[in-house]
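So this block is structure-v3.csv, CSV, C-alpha atoms and all ligand atoms:
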```
chain,number,residue,atom,x,y,z
A,295,MET,CA,-83.1,-162.9,-269.1
A,296,GLY,CA,-81.3,-160.0,-267.5
A,297,PHE,CA,-77.8,-158.7,-268.3
A,298,ASN,CA,-75.6,-161.8,-267.8
A,299,LEU,CA,-71.8,-161.7,-267.6
A,300,PHE,CA,-71.6,-165.3,-269.0
A,301,LEU,CA,-68.8,-166.2,-266.6
A,302,ARG,CA,-69.5,-170.0,-266.3
A,303,GLY,CA,-66.0,-171.2,-267.0
A,304,VAL,CA,-63.0,-171.8,-264.8
A,305,ALA,CA,-61.1,-169.0,-262.9
A,306,MET,CA,-57.5,-169.1,-261.7
A,307,VAL,CA,-56.5,-166.4,-259.1
A,308,VAL,CA,-52.9,-166.1,-258.1
A,309,GLY,CA,-52.4,-164.3,-254.8
A,310,ALA,CA,-55.8,-165.6,-253.6
A,311,GLY,CA,-54.8,-165.7,-250.0
A,312,GLN,CA,-55.5,-162.1,-249.0
A,313,GLY,CA,-56.2,-158.6,-250.2
A,314,MET,CA,-57.3,-158.1,-253.8
A,315,GLY,CA,-56.6,-161.7,-254.8
A,316,ARG,CA,-58.9,-163.0,-252.1
A,317,ALA,CA,-61.6,-160.6,-253.1
A,318,THR,CA,-61.2,-161.5,-256.8
A,319,ALA,CA,-61.6,-165.2,-256.0
A,320,LEU,CA,-64.8,-164.5,-254.1
A,321,SER,CA,-66.2,-162.3,-256.8
A,322,PHE,CA,-65.6,-165.0,-259.4
A,323,ALA,CA,-67.4,-167.4,-257.2
A,324,GLU,CA,-70.4,-165.0,-256.8
A,325,ALA,CA,-70.3,-164.3,-260.6
A,326,GLY,CA,-71.1,-168.0,-261.4
A,327,VAL,CA,-67.8,-169.7,-262.4
A,328,ARG,CA,-67.9,-173.5,-262.3
A,329,GLY,CA,-64.3,-173.9,-261.1
A,330,LEU,CA,-61.9,-171.8,-259.1
A,331,ILE,CA,-58.2,-172.3,-258.5
A,332,CYS,CA,-57.0,-170.3,-255.5
A,333,ALA,CA,-53.1,-170.1,-255.7
A,334,ASP,CA,-50.8,-168.4,-253.3
A,335,ILE,CA,-47.3,-168.8,-251.8
A,336,ASN,CA,-49.2,-169.2,-248.6
A,337,GLN,CA,-51.3,-172.3,-249.0
A,338,SER,CA,-53.3,-172.1,-245.8
A,339,SER,CA,-54.7,-168.7,-246.7
A,340,ALA,CA,-55.5,-169.9,-250.2
A,341,LEU,CA,-57.3,-172.9,-248.7
A,342,ALA,CA,-59.3,-170.5,-246.5
A,343,THR,CA,-60.4,-168.5,-249.6
A,344,ALA,CA,-61.4,-171.6,-251.4
A,345,GLU,CA,-63.6,-172.7,-248.5
A,346,GLU,CA,-65.2,-169.2,-248.3
A,347,ALA,CA,-65.8,-169.3,-252.0
A,348,ARG,CA,-67.7,-172.6,-251.7
A,349,LYS,CA,-70.2,-170.9,-249.3
A,350,ILE,CA,-71.0,-168.0,-251.7
A,351,ALA,CA,-70.7,-169.7,-255.1
A,352,SER,CA,-73.7,-169.2,-257.3
A,353,ASN,CA,-73.0,-172.0,-259.8
A,354,LYS,CA,-74.5,-175.3,-258.5
A,355,ASP,CA,-71.7,-177.3,-260.1
A,356,PHE,CA,-69.0,-175.1,-258.4
A,357,ASP,CA,-65.8,-176.5,-257.0
A,358,ALA,CA,-62.6,-174.9,-255.8
A,359,ILE,CA,-59.1,-176.1,-255.2
A,360,SER,CA,-56.2,-174.4,-253.4
A,361,VAL,CA,-52.6,-174.7,-254.7
A,362,ALA,CA,-49.3,-173.6,-253.1
A,363,CYS,CA,-47.3,-171.7,-255.7
A,364,ASP,CA,-44.4,-169.3,-255.6
A,365,MET,CA,-45.0,-167.4,-258.9
A,366,SER,CA,-41.3,-166.4,-259.1
A,367,ASN,CA,-40.4,-170.2,-259.4
A,368,HIS,CA,-41.1,-171.3,-263.0
A,369,GLN,CA,-41.5,-175.0,-262.1
A,370,ASN,CA,-44.1,-174.1,-259.4
A,371,VAL,CA,-46.0,-172.2,-262.1
A,372,LYS,CA,-45.9,-175.1,-264.5
A,373,ASP,CA,-47.1,-177.4,-261.8
A,374,LEU,CA,-49.9,-175.0,-260.9
A,375,VAL,CA,-51.2,-174.8,-264.5
A,376,ALA,CA,-50.8,-178.6,-265.0
A,377,GLN,CA,-52.7,-179.4,-261.8
A,378,SER,CA,-55.5,-176.9,-262.7
A,379,ALA,CA,-55.9,-178.3,-266.2
A,380,ALA,CA,-55.9,-181.9,-264.8
A,381,ARG,CA,-58.7,-181.0,-262.3
A,382,PHE,CA,-60.9,-178.7,-264.4
A,383,GLY,CA,-59.9,-179.4,-268.0
A,384,ARG,CA,-59.3,-175.7,-268.9
A,385,ILE,CA,-58.6,-172.2,-267.5
A,386,ASP,CA,-60.9,-169.5,-268.8
A,387,TYR,CA,-60.2,-166.5,-266.7
A,388,ALA,CA,-56.7,-166.0,-265.1
A,389,ALA,CA,-56.1,-163.1,-262.6
A,390,ASN,CA,-52.5,-162.7,-261.7
A,391,VAL,CA,-53.0,-160.5,-258.6
A,392,ALA,CA,-50.0,-161.4,-256.3
A,393,GLY,CA,-47.1,-159.0,-256.1
A,394,SER,CA,-44.7,-157.5,-253.7
A,395,PHE,CA,-44.4,-153.8,-252.6
A,396,GLY,CA,-40.8,-154.3,-251.4
A,397,LYS,CA,-39.5,-153.8,-247.9
A,398,SER,CA,-38.6,-150.2,-247.7
A,399,ARG,CA,-39.0,-146.7,-249.1
A,400,LYS,CA,-35.7,-145.2,-250.3
A,401,ALA,CA,-34.6,-142.6,-252.8
A,402,PHE,CA,-33.7,-144.1,-256.2
A,403,ALA,CA,-29.9,-144.1,-255.7
A,404,ASP,CA,-30.2,-145.7,-252.3
A,405,THR,CA,-32.3,-148.7,-253.5
A,406,PRO,CA,-30.5,-151.9,-252.4
A,407,ASP,CA,-29.5,-154.1,-255.4
A,408,GLU,CA,-31.1,-157.1,-253.7
A,409,GLU,CA,-34.4,-155.3,-253.3
A,410,TRP,CA,-34.3,-154.2,-257.0
A,411,LEU,CA,-33.7,-157.8,-258.2
A,412,GLN,CA,-36.1,-159.4,-255.7
A,413,LEU,CA,-39.0,-157.2,-256.9
A,414,GLN,CA,-38.2,-157.9,-260.5
A,415,ASN,CA,-38.2,-161.6,-259.7
A,416,ILE,CA,-41.7,-161.5,-258.3
A,417,ASN,CA,-43.5,-158.7,-260.1
A,418,ILE,CA,-42.0,-159.2,-263.6
A,419,ASN,CA,-40.5,-162.7,-263.9
A,420,GLY,CA,-43.4,-164.2,-261.9
A,421,VAL,CA,-46.0,-162.6,-264.2
A,422,PHE,CA,-43.9,-163.7,-267.2
A,423,TYR,CA,-44.0,-167.3,-266.1
A,424,LEU,CA,-47.7,-167.2,-265.3
A,425,VAL,CA,-48.8,-165.6,-268.6
A,426,LYS,CA,-46.5,-167.9,-270.5
A,427,GLU,CA,-48.0,-171.1,-269.0
A,428,GLN,CA,-51.5,-169.8,-268.9
A,429,VAL,CA,-51.3,-168.9,-272.6
A,430,LYS,CA,-49.9,-172.3,-273.5
A,431,GLN,CA,-52.8,-174.0,-271.7
A,432,MET,CA,-55.4,-171.7,-273.3
A,433,GLU,CA,-54.1,-172.3,-276.7
A,434,LYS,CA,-54.8,-176.0,-276.3
A,435,GLN,CA,-58.5,-175.2,-275.4
A,436,GLU,CA,-61.4,-174.9,-277.7
A,437,ARG,CA,-63.0,-171.5,-277.8
A,438,LEU,CA,-65.7,-171.2,-275.1
A,439,GLU,CA,-69.1,-170.6,-276.7
A,440,THR,CA,-71.6,-168.3,-275.0
A,441,PRO,CA,-74.9,-166.8,-276.1
A,442,LEU,CA,-72.8,-163.8,-277.3
A,443,THR,CA,-70.9,-165.9,-279.8
A,444,SER,CA,-71.5,-165.2,-283.5
A,445,ALA,CA,-69.5,-165.5,-286.7
A,446,SER,CA,-68.3,-161.9,-286.2
A,447,ARG,CA,-67.8,-162.2,-282.4
A,448,PRO,CA,-66.2,-165.6,-281.8
A,449,GLY,CA,-65.9,-167.2,-278.4
A,450,GLU,CA,-62.7,-166.9,-276.5
A,451,ARG,CA,-60.0,-169.3,-275.5
A,452,GLY,CA,-59.3,-167.3,-272.4
A,453,SER,CA,-58.8,-164.0,-270.6
A,454,ILE,CA,-55.8,-163.0,-268.5
A,455,ILE,CA,-55.6,-160.0,-266.2
A,456,ASN,CA,-52.3,-158.8,-264.7
A,457,LEU,CA,-52.3,-156.6,-261.7
A,458,SER,CA,-50.2,-153.6,-262.4
A,459,SER,CA,-50.6,-150.3,-260.5
A,460,ALA,CA,-51.4,-146.6,-260.8
A,461,ALA,CA,-47.6,-146.6,-260.1
A,462,ALA,CA,-47.3,-147.6,-263.7
A,463,VAL,CA,-48.3,-144.1,-264.9
A,464,ILE,CA,-46.7,-142.0,-262.2
A,465,ALA,CA,-43.7,-142.7,-259.8
A,466,VAL,CA,-44.3,-143.7,-256.2
A,467,PRO,CA,-41.9,-141.5,-254.1
A,468,GLY,CA,-39.2,-143.7,-252.7
A,469,GLY,CA,-40.6,-146.7,-254.6
A,470,ALA,CA,-38.2,-147.0,-257.6
A,471,ALA,CA,-38.0,-150.7,-257.7
A,472,TYR,CA,-41.8,-151.1,-257.4
A,473,THR,CA,-42.6,-148.4,-260.0
A,474,HIS,CA,-40.3,-149.9,-262.5
A,475,THR,CA,-41.8,-153.4,-262.2
A,476,LYS,CA,-45.3,-152.1,-262.7
A,477,PHE,CA,-44.4,-150.1,-265.8
A,478,ALA,CA,-42.8,-153.4,-267.0
A,479,SER,CA,-46.0,-155.3,-266.3
A,480,ASN,CA,-47.9,-153.0,-268.7
A,481,GLY,CA,-45.3,-153.7,-271.4
A,482,LEU,CA,-45.4,-157.4,-270.8
A,483,THR,CA,-49.2,-157.3,-271.0
A,484,LYS,CA,-49.2,-155.5,-274.4
A,485,ALA,CA,-46.5,-157.8,-275.8
A,486,ALA,CA,-48.3,-160.9,-274.8
A,487,ALA,CA,-51.7,-159.6,-276.0
A,488,GLN,CA,-50.2,-158.6,-279.4
A,489,ASP,CA,-48.8,-162.1,-280.0
A,490,HIS,CA,-51.7,-164.2,-278.8
A,491,GLY,CA,-54.8,-162.1,-279.3
A,492,PHE,CA,-55.5,-163.5,-282.8
A,493,ASN,CA,-55.9,-166.9,-281.2
A,494,GLY,CA,-58.8,-165.8,-279.0
A,495,ILE,CA,-56.8,-164.9,-275.8
A,496,ARG,CA,-57.4,-161.5,-274.3
A,497,ILE,CA,-54.7,-160.1,-272.0
A,498,ASN,CA,-55.1,-156.8,-270.1
A,499,ALA,CA,-53.7,-155.0,-267.1
A,500,VAL,CA,-55.6,-153.4,-264.2
A,501,LEU,CA,-53.9,-150.5,-262.5
A,502,PRO,CA,-55.4,-149.9,-259.0
A,503,GLY,CA,-54.8,-146.9,-256.9
A,504,TYR,CA,-54.3,-147.2,-253.1
A,505,THR,CA,-56.4,-150.1,-251.9
A,506,MET,CA,-56.9,-151.0,-248.3
A,507,THR,CA,-55.3,-154.5,-248.1
A,508,PRO,CA,-53.1,-156.3,-245.5
A,509,GLY,CA,-50.2,-155.8,-247.9
A,510,LEU,CA,-50.7,-152.0,-248.0
A,511,ALA,CA,-51.3,-151.7,-244.3
A,512,GLY,CA,-48.2,-153.7,-243.5
A,513,PHE,CA,-45.9,-151.6,-245.7
A,514,PRO,CA,-43.3,-149.8,-243.7
A,515,GLY,CA,-44.3,-146.4,-245.3
A,516,ALA,CA,-47.9,-146.8,-244.1
A,517,THR,CA,-48.2,-144.1,-241.5
A,518,PRO,CA,-51.3,-142.0,-240.5
A,519,GLU,CA,-49.6,-139.0,-242.2
A,520,GLY,CA,-48.9,-141.0,-245.3
A,521,ALA,CA,-52.5,-142.2,-245.4
A,522,GLN,CA,-53.8,-138.6,-245.1
A,523,LYS,CA,-51.6,-137.5,-248.0
A,524,ILE,CA,-53.1,-140.3,-250.1
A,525,LEU,CA,-56.7,-139.4,-249.2
A,526,ASP,CA,-56.0,-135.7,-249.9
A,527,ALA,CA,-54.5,-136.5,-253.3
A,528,ASN,CA,-57.3,-138.6,-254.8
A,529,THR,CA,-60.5,-137.3,-256.2
A,530,LEU,CA,-62.8,-139.7,-254.3
A,531,HIS,CA,-60.8,-138.9,-251.0
A,532,ARG,CA,-60.9,-142.6,-249.9
A,533,PHE,CA,-59.0,-145.8,-250.3
A,534,ALA,CA,-60.4,-148.4,-252.6
A,535,GLU,CA,-62.0,-151.5,-251.1
A,536,PRO,CA,-60.4,-154.7,-252.3
A,537,LYS,CA,-63.8,-155.8,-253.6
A,538,GLU,CA,-64.1,-152.8,-255.9
A,539,ILE,CA,-60.9,-153.8,-257.7
A,540,ALA,CA,-61.9,-157.4,-257.7
A,541,ASP,CA,-65.3,-156.6,-259.3
A,542,THR,CA,-63.5,-154.7,-262.0
A,543,ILE,CA,-61.2,-157.7,-262.7
A,544,VAL,CA,-64.2,-160.0,-262.9
A,545,LEU,CA,-66.1,-157.6,-265.2
A,546,LEU,CA,-63.1,-157.3,-267.6
A,547,SER,CA,-62.8,-161.1,-267.7
A,548,SER,CA,-66.3,-161.4,-269.1
A,549,PRO,CA,-66.9,-162.2,-272.7
A,550,ARG,CA,-69.1,-159.0,-272.6
A,551,ASN,CA,-65.6,-157.3,-272.7
A,552,SER,CA,-64.6,-159.2,-275.9
A,553,TYR,CA,-63.0,-156.2,-277.7
A,554,MET,CA,-60.6,-155.0,-275.0
A,555,ILE,CA,-57.1,-156.3,-275.5
A,556,GLY,CA,-53.6,-155.1,-274.4
A,557,ALA,CA,-55.2,-152.3,-272.4
A,558,SER,CA,-53.9,-150.8,-269.1
A,559,ILE,CA,-57.0,-149.9,-267.2
A,560,LEU,CA,-56.6,-147.3,-264.3
A,561,VAL,CA,-59.0,-147.9,-261.4
A,562,ASP,CA,-57.5,-145.3,-259.0
A,563,GLY,CA,-60.2,-143.1,-257.5
A,564,GLY,CA,-58.8,-140.2,-259.5
A,565,GLN,CA,-55.3,-140.5,-258.0
A,566,THR,CA,-53.7,-139.7,-261.4
A,567,ILE,CA,-56.3,-137.3,-262.9
A,568,THR,CA,-55.0,-134.1,-261.5
A,569,ALA,CA,-52.4,-132.6,-259.3
A,570,GLU,CA,-54.9,-130.0,-258.0
A,571,ASN,CA,-57.3,-131.8,-255.7
A,572,GLU,CA,-59.2,-129.7,-253.2
A,601,LIG,N1,-52.8,-152.4,-252.2
A,601,LIG,C1,-52.6,-151.4,-253.0
A,601,LIG,O1,-52.7,-150.2,-252.7
A,601,LIG,C2,-52.1,-151.7,-254.4
A,601,LIG,C3,-52.2,-150.6,-255.4
A,601,LIG,C4,-51.8,-150.8,-256.7
A,601,LIG,C5,-51.4,-152.1,-257.1
A,601,LIG,N2,-51.3,-153.1,-256.2
A,601,LIG,C6,-51.0,-154.4,-256.7
A,601,LIG,O2,-52.1,-155.3,-256.6
A,601,LIG,C7,-51.6,-156.6,-256.3
A,601,LIG,C8,-52.3,-157.1,-255.0
A,601,LIG,O3,-52.0,-156.3,-253.9
A,601,LIG,P1,-52.6,-156.5,-252.5
A,601,LIG,O4,-52.4,-155.2,-251.8
A,601,LIG,O5,-53.9,-157.2,-252.5
A,601,LIG,O6,-51.4,-157.5,-251.9
A,601,LIG,P2,-51.3,-158.2,-250.5
A,601,LIG,O7,-49.9,-158.0,-250.1
A,601,LIG,O8,-52.3,-157.9,-249.5
A,601,LIG,O9,-51.5,-159.8,-250.9
A,601,LIG,C9,-50.6,-160.4,-251.8
A,601,LIG,C10,-50.9,-161.9,-251.9
A,601,LIG,O10,-49.9,-162.4,-252.8
A,601,LIG,C11,-49.2,-163.5,-252.2
A,601,LIG,N3,-47.9,-163.6,-252.8
A,601,LIG,C12,-46.8,-162.8,-252.5
A,601,LIG,N4,-45.8,-163.2,-253.2
A,601,LIG,C13,-46.1,-164.3,-253.9
A,601,LIG,C14,-45.4,-165.2,-254.8
A,601,LIG,N5,-44.1,-165.0,-255.0
A,601,LIG,N6,-46.2,-166.2,-255.3
A,601,LIG,C15,-47.5,-166.3,-255.1
A,601,LIG,N7,-48.2,-165.6,-254.2
A,601,LIG,C16,-47.5,-164.5,-253.6
A,601,LIG,C17,-49.2,-163.2,-250.7
A,601,LIG,O11,-49.1,-164.4,-249.9
A,601,LIG,C18,-50.6,-162.5,-250.5
A,601,LIG,O12,-51.6,-163.5,-250.3
A,601,LIG,C19,-50.1,-156.6,-256.2
A,601,LIG,O13,-49.6,-156.9,-257.5
A,601,LIG,C20,-49.9,-155.1,-255.9
A,601,LIG,O14,-48.6,-154.7,-256.4
A,601,LIG,C21,-51.7,-152.9,-254.9
```

Render the structure in this file as structure tokens.
Ligand SMILES: NC(=O)c1ccc[n+]([C@@H]2O[C@H](COP(=O)([O-])OP(=O)(O)OC[C@H]3O[C@@H](n4cnc5c(N)ncnc54)[C@H](O)[C@@H]3O)[C@@H](O)[C@H]2O)c1
Amino acid sequence: MGFNLFLRGVAMVVGAGQGMGRATALSFAEAGVRGLICADINQSSALATAEEARKIASNKDFDAISVACDMSNHQNVKDLVAQSAARFGRIDYAANVAGSFGKSRKAFADTPDEEWLQLQNININGVFYLVKEQVKQMEKQERLETPLTSASRPGERGSIINLSSAAAVIAVPGGAAYTHTKFASNGLTKAAAQDHGFNGIRINAVLPGYTMTPGLAGFPGATPEGAQKILDANTLHRFAEPKEIADTIVLLSSPRNSYMIGASILVDGGQTITAENE
């Protein structure tokens, strides 16, 4: 048998309608999960991802559902987790990918209060509600045994990945509200990991660099000059493909990765390595 990721459980992807969330849902289907929950505030796009996932799934027992969910609404999140548990019995790998970039780029002191609060509501409160409900569900589950399981390497109740950003180690110019929420998401991840790790739940954050998604392309600051600056400033001199970040999320969700907990993993093409790119 070759090197197997042992990802035969149930995956939940929030923000599965487009961009990195869509790519993550498809990568989980390819990797062999038996169940996939595609959640998004935009249900028709989540449904389209679930249908696409069915075509490429490698597990013969695979099934996928799509659920409309606004992660900034706690009741919506409770309903999402309840519906998922009712359908599949458990949630093994959660990926909280959805987030908002905000509507404008402005200097810190010009940030509108509404934008500051709105971004907190989605990028911080939304992740809080998701992690809270996902952990409560995972704590009810038995540990998932895999061929890797042993007395000293127990099976896991679940893995949760929160999408933070390279903007959680540096500041995005004119992006105060966004930067602040992504730093918070690393803290939230560590706090949750600390309190629930003993119980077999691994919680980590992924910090992507600039990734070519509809969300990034639609950002008001996305201009050809802005894009060139980004390419010049990163060591690989290219944007990430959504699938590259998705594949990292799937790899980190595997029980192969059983000792990583509370980590904030940069996947940024070198955006934050140096200030002296050629
Ligand atoms: N694209 C980048 O360059 C980049 C870089 C670093 C971090 N990130 C982060 O990665 C994540 C994904 O980014 P993306 O570029 O793929 O995004 P995107 O804007 O292309 O897609 C986001 C998806 O989330 C959904 N969504 C938005 N608000 C929601 C809500 N309240 N509840 C449920 N779903 C909601 C949208 O409908 C959409 O399908 C975000 O958290 C973003 O902050 C993106």

TODO: Report as a PyMOL selection string which protein, DNA and RNA residues come within 6 Å of ligand LIG 601 (chain A), using only C-alpha atoms and all ligand atoms.
DONE: chain A and resi 309-315+334-336+363-366+391-395+416+457-460+502-510

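You will find atom CA of A:Ala499 at 9.9 Å from atom CA of A:Lys476.
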
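Atom CA of A:Gly449 lies 18.8 Å from atom CA of A:Phe382.
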
Open item on the list: Between atom CA of A:Ala344 and atom CA of A:Gly326, what distance in Å does the model show, to one decimal?
Closed with: 14.4 Å

- [ ] Fewer than 2 positions away in the same chain doesn't count, so skip those; otherwise give me all residues within 8 Å of A:Ala470, counting all atoms listed in the file, as an NGL selection string.
- [x] :A and (400-402 or 405 or 465-468 or 472-474)

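Using all atoms listed in the file, the contacts of A:Gly452 at a cut-off of 8 Å, with sequence neighbours closer than 6 positions omitted, comprise Ile385, Asp386, Tyr387, Ala388, Met432, Arg437, Leu438, Gly494, Ile495 and Arg496 of chain A.
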
Open item on the list: Taking all atoms listed in the file into account, name the residue in A:Leu341, A:Ile559, A:Thr566, A:Asn370 that is nearest to A:Ile539.
Closed with: A:Ile559

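Of the residues under consideration (A:Thr542, A:Asn498, A:Gln522, A:Ser352), A:Ser352 shows the shortest atom-to-atom contact distance to A:Ala323 when counting all atoms listed in the file.
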
TODO: For A:Gln435, work out the shell of residues within 8 Å, counting all atoms listed in the file and skipping chain neighbours fewer than 4 positions away, then give it as a count of residues only.
DONE: 3

TODO: For A:Leu320, please output as a PyMOL selection string all residues within 8 Å (counting only C-alpha atoms; exclusion window: fewer than 5 positions along the same chain).
DONE: chain A and resi 343+346-347+350-351

TODO: Within 10 Å of (-62.8, -170.5, -255.4) (coordinates as in the file), grab all the protein and nucleic acid residues, counting all atoms listed in the file, and write them out as a ChimeraX atom specification.
DONE: /A:304-307,310,316,318-324,327-333,340-351,356-360

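Nearest to A:Ala511 of all the residues A:Phe477, A:Phe533, A:Gln428, A:Val544 is A:Phe533, counting all atoms listed in the file.
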
- [ ] Pick out the closest residue to A:Met554 from this set: A:Asn419, A:Ser446, A:Ser453, A:Thr440. Count all atoms listed in the file.
- [x] A:Ser453

TODO: Using all atoms listed in the file, give me every residue within 12 Å of (-32.3, -152.9, -256.8) in file coordinates, as a ChimeraX atom specification.
DONE: /A:396-415,469-475

My structure is short of atoms at stretch 454-468 of chain A; please model N, CA and C atoms there, returning them as a CSV table (one decimal), in the coordinates of the input.
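That gives us out.csv:
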```
chain,number,residue,atom,x,y,z
A,454,ILE,N,-56.8,-163.1,-269.6
A,454,ILE,CA,-55.8,-163.0,-268.5
A,454,ILE,C,-55.7,-161.5,-268.1
A,455,ILE,N,-55.8,-161.3,-266.8
A,455,ILE,CA,-55.6,-160.0,-266.2
A,455,ILE,C,-54.4,-159.9,-265.3
A,456,ASN,N,-53.5,-159.0,-265.6
A,456,ASN,CA,-52.3,-158.8,-264.7
A,456,ASN,C,-52.5,-157.6,-263.9
A,457,LEU,N,-52.2,-157.7,-262.6
A,457,LEU,CA,-52.3,-156.6,-261.7
A,457,LEU,C,-51.1,-155.7,-261.8
A,458,SER,N,-51.3,-154.6,-262.4
A,458,SER,CA,-50.2,-153.6,-262.4
A,458,SER,C,-50.5,-152.6,-261.3
A,459,SER,N,-50.4,-151.3,-261.5
A,459,SER,CA,-50.6,-150.3,-260.5
A,459,SER,C,-50.8,-148.9,-261.1
A,460,ALA,N,-51.4,-148.0,-260.4
A,460,ALA,CA,-51.4,-146.6,-260.8
A,460,ALA,C,-49.9,-146.1,-260.8
A,461,ALA,N,-49.1,-146.8,-260.0
A,461,ALA,CA,-47.6,-146.6,-260.1
A,461,ALA,C,-47.0,-147.0,-261.4
A,462,ALA,N,-47.8,-147.3,-262.4
A,462,ALA,CA,-47.3,-147.6,-263.7
A,462,ALA,C,-47.6,-146.4,-264.6
A,463,VAL,N,-48.2,-145.3,-264.1
A,463,VAL,CA,-48.3,-144.1,-264.9
A,463,VAL,C,-47.6,-142.9,-264.2
A,464,ILE,N,-47.4,-143.1,-262.9
A,464,ILE,CA,-46.7,-142.0,-262.2
A,464,ILE,C,-45.6,-142.8,-261.3
A,465,ALA,N,-44.7,-142.0,-260.7
A,465,ALA,CA,-43.7,-142.7,-259.8
A,465,ALA,C,-44.1,-142.6,-258.4
A,466,VAL,N,-44.0,-143.7,-257.6
A,466,VAL,CA,-44.3,-143.7,-256.2
A,466,VAL,C,-43.0,-143.1,-255.5
A,467,PRO,N,-43.1,-142.0,-254.7
A,467,PRO,CA,-41.9,-141.5,-254.1
A,467,PRO,C,-41.2,-142.5,-253.3
A,468,GLY,N,-39.9,-142.7,-253.5
A,468,GLY,CA,-39.2,-143.7,-252.7
A,468,GLY,C,-39.5,-145.1,-253.1
```
